[in-house]
Structures are given as structure tokens and as C-alpha cells.
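Enquirer: As input, take upload_5.cif (mmCIF, C-alpha atoms):
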```cif
data_entry
#
loop_
_atom_site.label_atom_id
_atom_site.label_comp_id
_atom_site.auth_asym_id
_atom_site.auth_seq_id
_atom_site.Cartn_x
_atom_site.Cartn_y
_atom_site.Cartn_z
CA MET A 355 70.92 -36.94 -19.96
CA GLU A 356 74.68 -36.95 -20.35
CA ARG A 357 76.56 -33.68 -20.30
CA PHE A 358 79.63 -33.56 -22.50
CA THR A 359 82.04 -30.69 -22.80
CA PHE A 360 85.47 -30.29 -24.31
CA ALA A 361 87.07 -31.07 -20.93
CA ASP A 362 85.25 -34.39 -20.36
CA CYS A 363 87.46 -37.25 -19.35
CA THR A 364 87.00 -40.89 -18.39
CA ILE A 365 88.73 -42.32 -15.33
CA GLN A 366 88.74 -45.96 -14.28
CA GLY A 367 90.16 -47.05 -10.96
CA ARG A 368 89.37 -48.03 -7.37
CA LEU A 369 87.53 -45.92 -4.83
CA ILE A 370 89.91 -45.15 -1.99
CA ARG A 371 87.17 -44.08 0.41
CA ASP A 372 83.46 -44.62 0.84
CA PRO A 373 81.29 -42.05 -0.95
CA GLU A 374 79.91 -39.38 1.40
CA LEU A 375 76.68 -37.52 0.68
CA HIS A 376 76.46 -33.77 1.29
CA THR A 377 73.86 -31.17 0.38
CA THR A 378 74.65 -27.77 -1.08
CA ALA A 379 73.09 -24.58 0.31
CA SER A 380 70.59 -24.70 -2.56
CA GLY A 381 69.59 -28.29 -1.70
CA SER A 382 71.42 -30.19 -4.45
CA ALA A 383 72.84 -33.61 -3.62
CA ARG A 384 76.63 -33.85 -3.83
CA CYS A 385 78.66 -37.00 -3.20
CA GLN A 386 82.40 -36.84 -2.55
CA THR A 387 84.93 -39.64 -2.91
CA ALA A 388 88.29 -40.28 -4.60
CA ILE A 389 89.68 -42.71 -7.18
CA ASN A 390 93.19 -44.01 -7.66
CA TRP A 391 94.66 -45.89 -10.61
CA TYR A 392 97.93 -47.49 -11.61
CA SER A 393 100.11 -44.96 -13.42
CA GLY A 394 103.28 -46.90 -14.15
CA LYS A 395 106.56 -47.57 -12.42
CA HIS A 396 109.28 -45.38 -10.97
CA SER A 397 112.84 -45.85 -12.22
CA ASN A 398 113.43 -48.28 -9.32
CA CYS A 399 110.54 -50.45 -10.63
CA GLU A 400 108.24 -49.53 -7.74
CA PRO A 401 104.66 -49.00 -8.93
CA TYR A 402 103.01 -45.64 -8.44
CA TYR A 403 99.41 -44.61 -8.47
CA SER A 404 97.58 -41.41 -9.33
CA LEU A 405 94.68 -40.07 -7.31
CA ILE A 406 91.89 -37.61 -7.97
CA ASP A 407 89.03 -36.33 -5.85
CA VAL A 408 85.58 -36.86 -7.36
CA THR A 409 82.33 -34.95 -6.85
CA ILE A 410 79.23 -36.77 -8.10
CA TRP A 411 76.15 -34.60 -8.41
CA THR A 412 72.36 -35.05 -8.07
CA GLN A 413 70.74 -38.50 -8.40
CA ALA A 414 74.00 -40.12 -9.54
CA GLY A 415 75.57 -38.97 -6.26
CA MET A 416 72.76 -40.42 -4.18
CA ASP A 417 73.01 -43.70 -6.11
CA ALA A 418 76.78 -43.80 -5.57
CA VAL A 419 76.35 -43.46 -1.80
CA ASP A 420 73.81 -46.30 -1.81
CA ASN A 421 75.68 -48.67 -4.13
CA LEU A 422 79.44 -48.01 -4.05
CA ARG A 423 82.07 -48.44 -1.37
CA LYS A 424 85.80 -48.26 -0.81
CA GLY A 425 87.70 -50.76 -2.97
CA ASP A 426 85.14 -50.94 -5.78
CA ARG A 427 86.56 -50.66 -9.31
CA VAL A 428 84.57 -47.97 -11.10
CA LYS A 429 84.52 -46.02 -14.34
CA MET A 430 83.37 -42.41 -14.33
CA VAL A 431 83.00 -39.76 -17.02
CA GLY A 432 83.01 -36.13 -16.00
CA SER A 433 84.50 -32.70 -16.38
CA LEU A 434 87.94 -32.07 -14.97
CA LYS A 435 88.01 -28.77 -13.10
CA ARG A 436 90.67 -26.98 -11.09
CA GLU A 437 89.51 -25.80 -7.68
CA GLN A 438 91.38 -23.04 -5.85
CA TRP A 439 91.28 -21.83 -2.24
CA GLN A 440 93.39 -20.12 0.37
CA ASP A 441 94.77 -22.21 3.24
CA ARG A 442 93.13 -21.12 6.51
CA ASN A 443 96.28 -21.66 8.58
CA THR A 444 99.03 -20.34 6.33
CA GLY A 445 97.17 -18.10 3.90
CA ALA A 446 98.92 -19.87 1.01
CA ASN A 447 97.06 -20.34 -2.26
CA ARG A 448 96.14 -23.98 -2.92
CA SER A 449 94.60 -25.81 -5.83
CA LYS A 450 93.69 -29.30 -6.98
CA HIS A 451 91.92 -30.94 -9.88
CA VAL A 452 88.53 -32.54 -9.21
CA LEU A 453 86.47 -34.73 -11.53
CA HIS A 454 82.85 -33.47 -11.54
CA VAL A 455 80.47 -36.26 -12.57
CA TRP A 456 76.80 -35.73 -13.39
CA ASP A 457 75.50 -39.13 -14.43
CA SER A 458 78.15 -41.50 -15.77
CA VAL A 459 79.16 -43.82 -12.91
CA GLU A 460 79.68 -47.52 -13.57
CA LEU A 461 80.57 -50.25 -11.08
CA ILE A 462 83.02 -52.57 -12.84
CA GLU A 463 84.12 -54.89 -10.06
CA ARG A 464 83.71 -55.35 -6.33
CA PRO A 465 86.63 -56.89 -4.41
CA ALA A 466 86.16 -60.67 -3.98
CA GLN A 467 85.98 -60.56 -0.17
CA ASP A 468 83.00 -58.18 -0.44
CA GLN A 469 80.97 -60.41 -2.76
CA PRO A 470 77.82 -61.77 -1.14
CA ASP A 471 77.95 -65.49 -0.47
CA GLN A 472 76.57 -67.47 -3.36
CA PRO A 473 73.75 -69.81 -2.41
CA SER A 474 74.93 -73.38 -2.45
CA GLN A 475 73.63 -75.60 -5.21
CA PRO A 476 71.29 -78.34 -4.04
CA ASP A 477 72.67 -81.85 -4.11
CA TYR A 478 70.25 -83.48 -6.53
CA ASP A 479 71.58 -86.96 -5.68
CA ASP A 480 70.08 -86.71 -2.17
CA ILE A 481 66.53 -85.87 -3.36
CA PRO A 482 64.28 -88.95 -3.07
CA PHE A 483 62.05 -89.70 -6.06
#
```
What does the file become when written as C-alpha cells?
Expert:
Amino acid sequence: MERFTFADCTIQGRLIRDPELHTTASGSARCQTAINWYSGKHSNCEPYYSLIDVTIWTQAGMDAVDNLRKGDRVKMVGSLKREQWQDRNTGANRSKHVLHVWDSVELIERPAQDQPDQPSQPDYDDIPF
């Protein structure tokens, strides 16, 4: 079941770290990772990238831990939420945006070096008949 709200957004990019599975106090599965994507170029023509932390909940989170890894190109749909906290060391107020995903995670591409070796094709000319 997909959950859509007014704040739903779709992000496509590469995972910058392996998904990590955690469990909430109530026992719900929660996977945490982050995605980056190309955002354009600075005035000096250097490319820049945007980054967002991602929390993937329940079964989708468990599946992400089992099937995704750093470098994979993915597409996720979720709700963008602002999280706030107070820094333990300085007491300063902090905040960041996090994409909360419930069930829409799609692997688009795995980097070539991580592809499993393809079985070689048999040489049919060497088969005696």
C-alpha cells in the first residue's frame, strides 16, 4: 500500500553509504542511508551534488538492507520531513530534512564493477556431434 501526502517527493540518485537496519523502541524496522544526486554546476563550472538522509520503514527497510548497497542508483518516493534536535556539545538548535520512505524503493542500476560475472557462453563449435 503506497502512502501519498501533499509533501511526497521522488528522489533519484546514488546511495552514498550502505543501508543500516535499526529497530525502534516499539519494534518497527527502520533502515537509514543517504542519497546524493547531481544538482548542476557552480559558476566556475565545477559540478555540485545535493545530499539527503533517508529513513526507510518496515518491510521496505529490511528489503533495502538485504538488496541495496553503496553506489547503487535508486529511485525513492517518500515524505520530506524536517527533523530538529539540540546539539549535545554546544546546545545549539540543529535541523535537517530527511526523506521518509514507506514502500517505494527501486534499484535502477548497480555500478558495473559490482555486477556478478556473467556465465560464459559455451563454444558450440567444440561440441562433438
Enquirer: Using the chain letters and numbers from the file, give me the residues hit by the PyMOL selection byres ((chain A and resi 415) around 8), as a list in words.
Expert: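 Applied to this file, the PyMOL selection byres ((chain A and resi 415) around 8) selects Leu375, Ala383, Arg384, Cys385, Thr409, Ile410, Trp411, Thr412, Gln413, Ala414, Met416, Asp417, Ala418, Val419 and Trp456 of chain A.
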Enquirer: How would you write, as an NGL selection string, the residues chosen by the PyMOL selection byres ((chain A and resi 431-434) around 12) on this structure?
Expert: :A and (356-367 or 406-411 or 414 or 428-430 or 435-437 or 450-460)
Enquirer: Between A:Leu422, A:Ala379, A:Cys399, A:Ile370, which one has atoms that come closest to Glu463 (chain A), using all atoms listed in the file?
Expert: A:Leu422
Enquirer: Got a sec: who's within 8 Å of Tyr392 (chain A), counting all atoms listed in the file, leaving out chain neighbours fewer than 4 positions off, as a PDB file with C-alpha atoms, keeping the file's coordinate frame?
Expert:
```pdb
ATOM      1  CA  GLY A 367      90.160 -47.050 -10.960  1.00  0.00           C
ATOM      2  CA  PRO A 401     104.660 -49.000  -8.930  1.00  0.00           C
ATOM      3  CA  TYR A 402     103.010 -45.640  -8.440  1.00  0.00           C
ATOM      4  CA  TYR A 403      99.410 -44.610  -8.470  1.00  0.00           C
ATOM      5  CA  SER A 404      97.580 -41.410  -9.330  1.00  0.00           C
TER       6      SER A 404
END
```
Enquirer: Which of these residues is nearest to Leu369 (chain A), using all atoms listed in the file: A:Gln386, A:Asn447, A:Asp420, A:Arg427?
Expert: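 Selected residue with least distance to Leu369 (chain A): A:Arg427.
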Enquirer: Identify, on the basis of all atoms listed in the file, every residue whose closest approach to Arg448 (chain A) does not exceed 8 Å; exclude the query and any residue fewer than 5 positions from it along the same chain; express the result as a ChimeraX atom specification.
Expert: /A:438-441
Enquirer: Would you work out the distance separating CA of Asn421 (chain A) from CA of Leu461 (chain A), expressed in Å to one decimal?
Expert: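 That distance, rounded to one decimal, is 8.6 Å.
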Enquirer: Just give me the gap between CA of Asp372 (chain A) and CA of Ile462 (chain A) in Å, one decimal is fine.
Expert: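 These atoms are spaced 15.8 Å apart.
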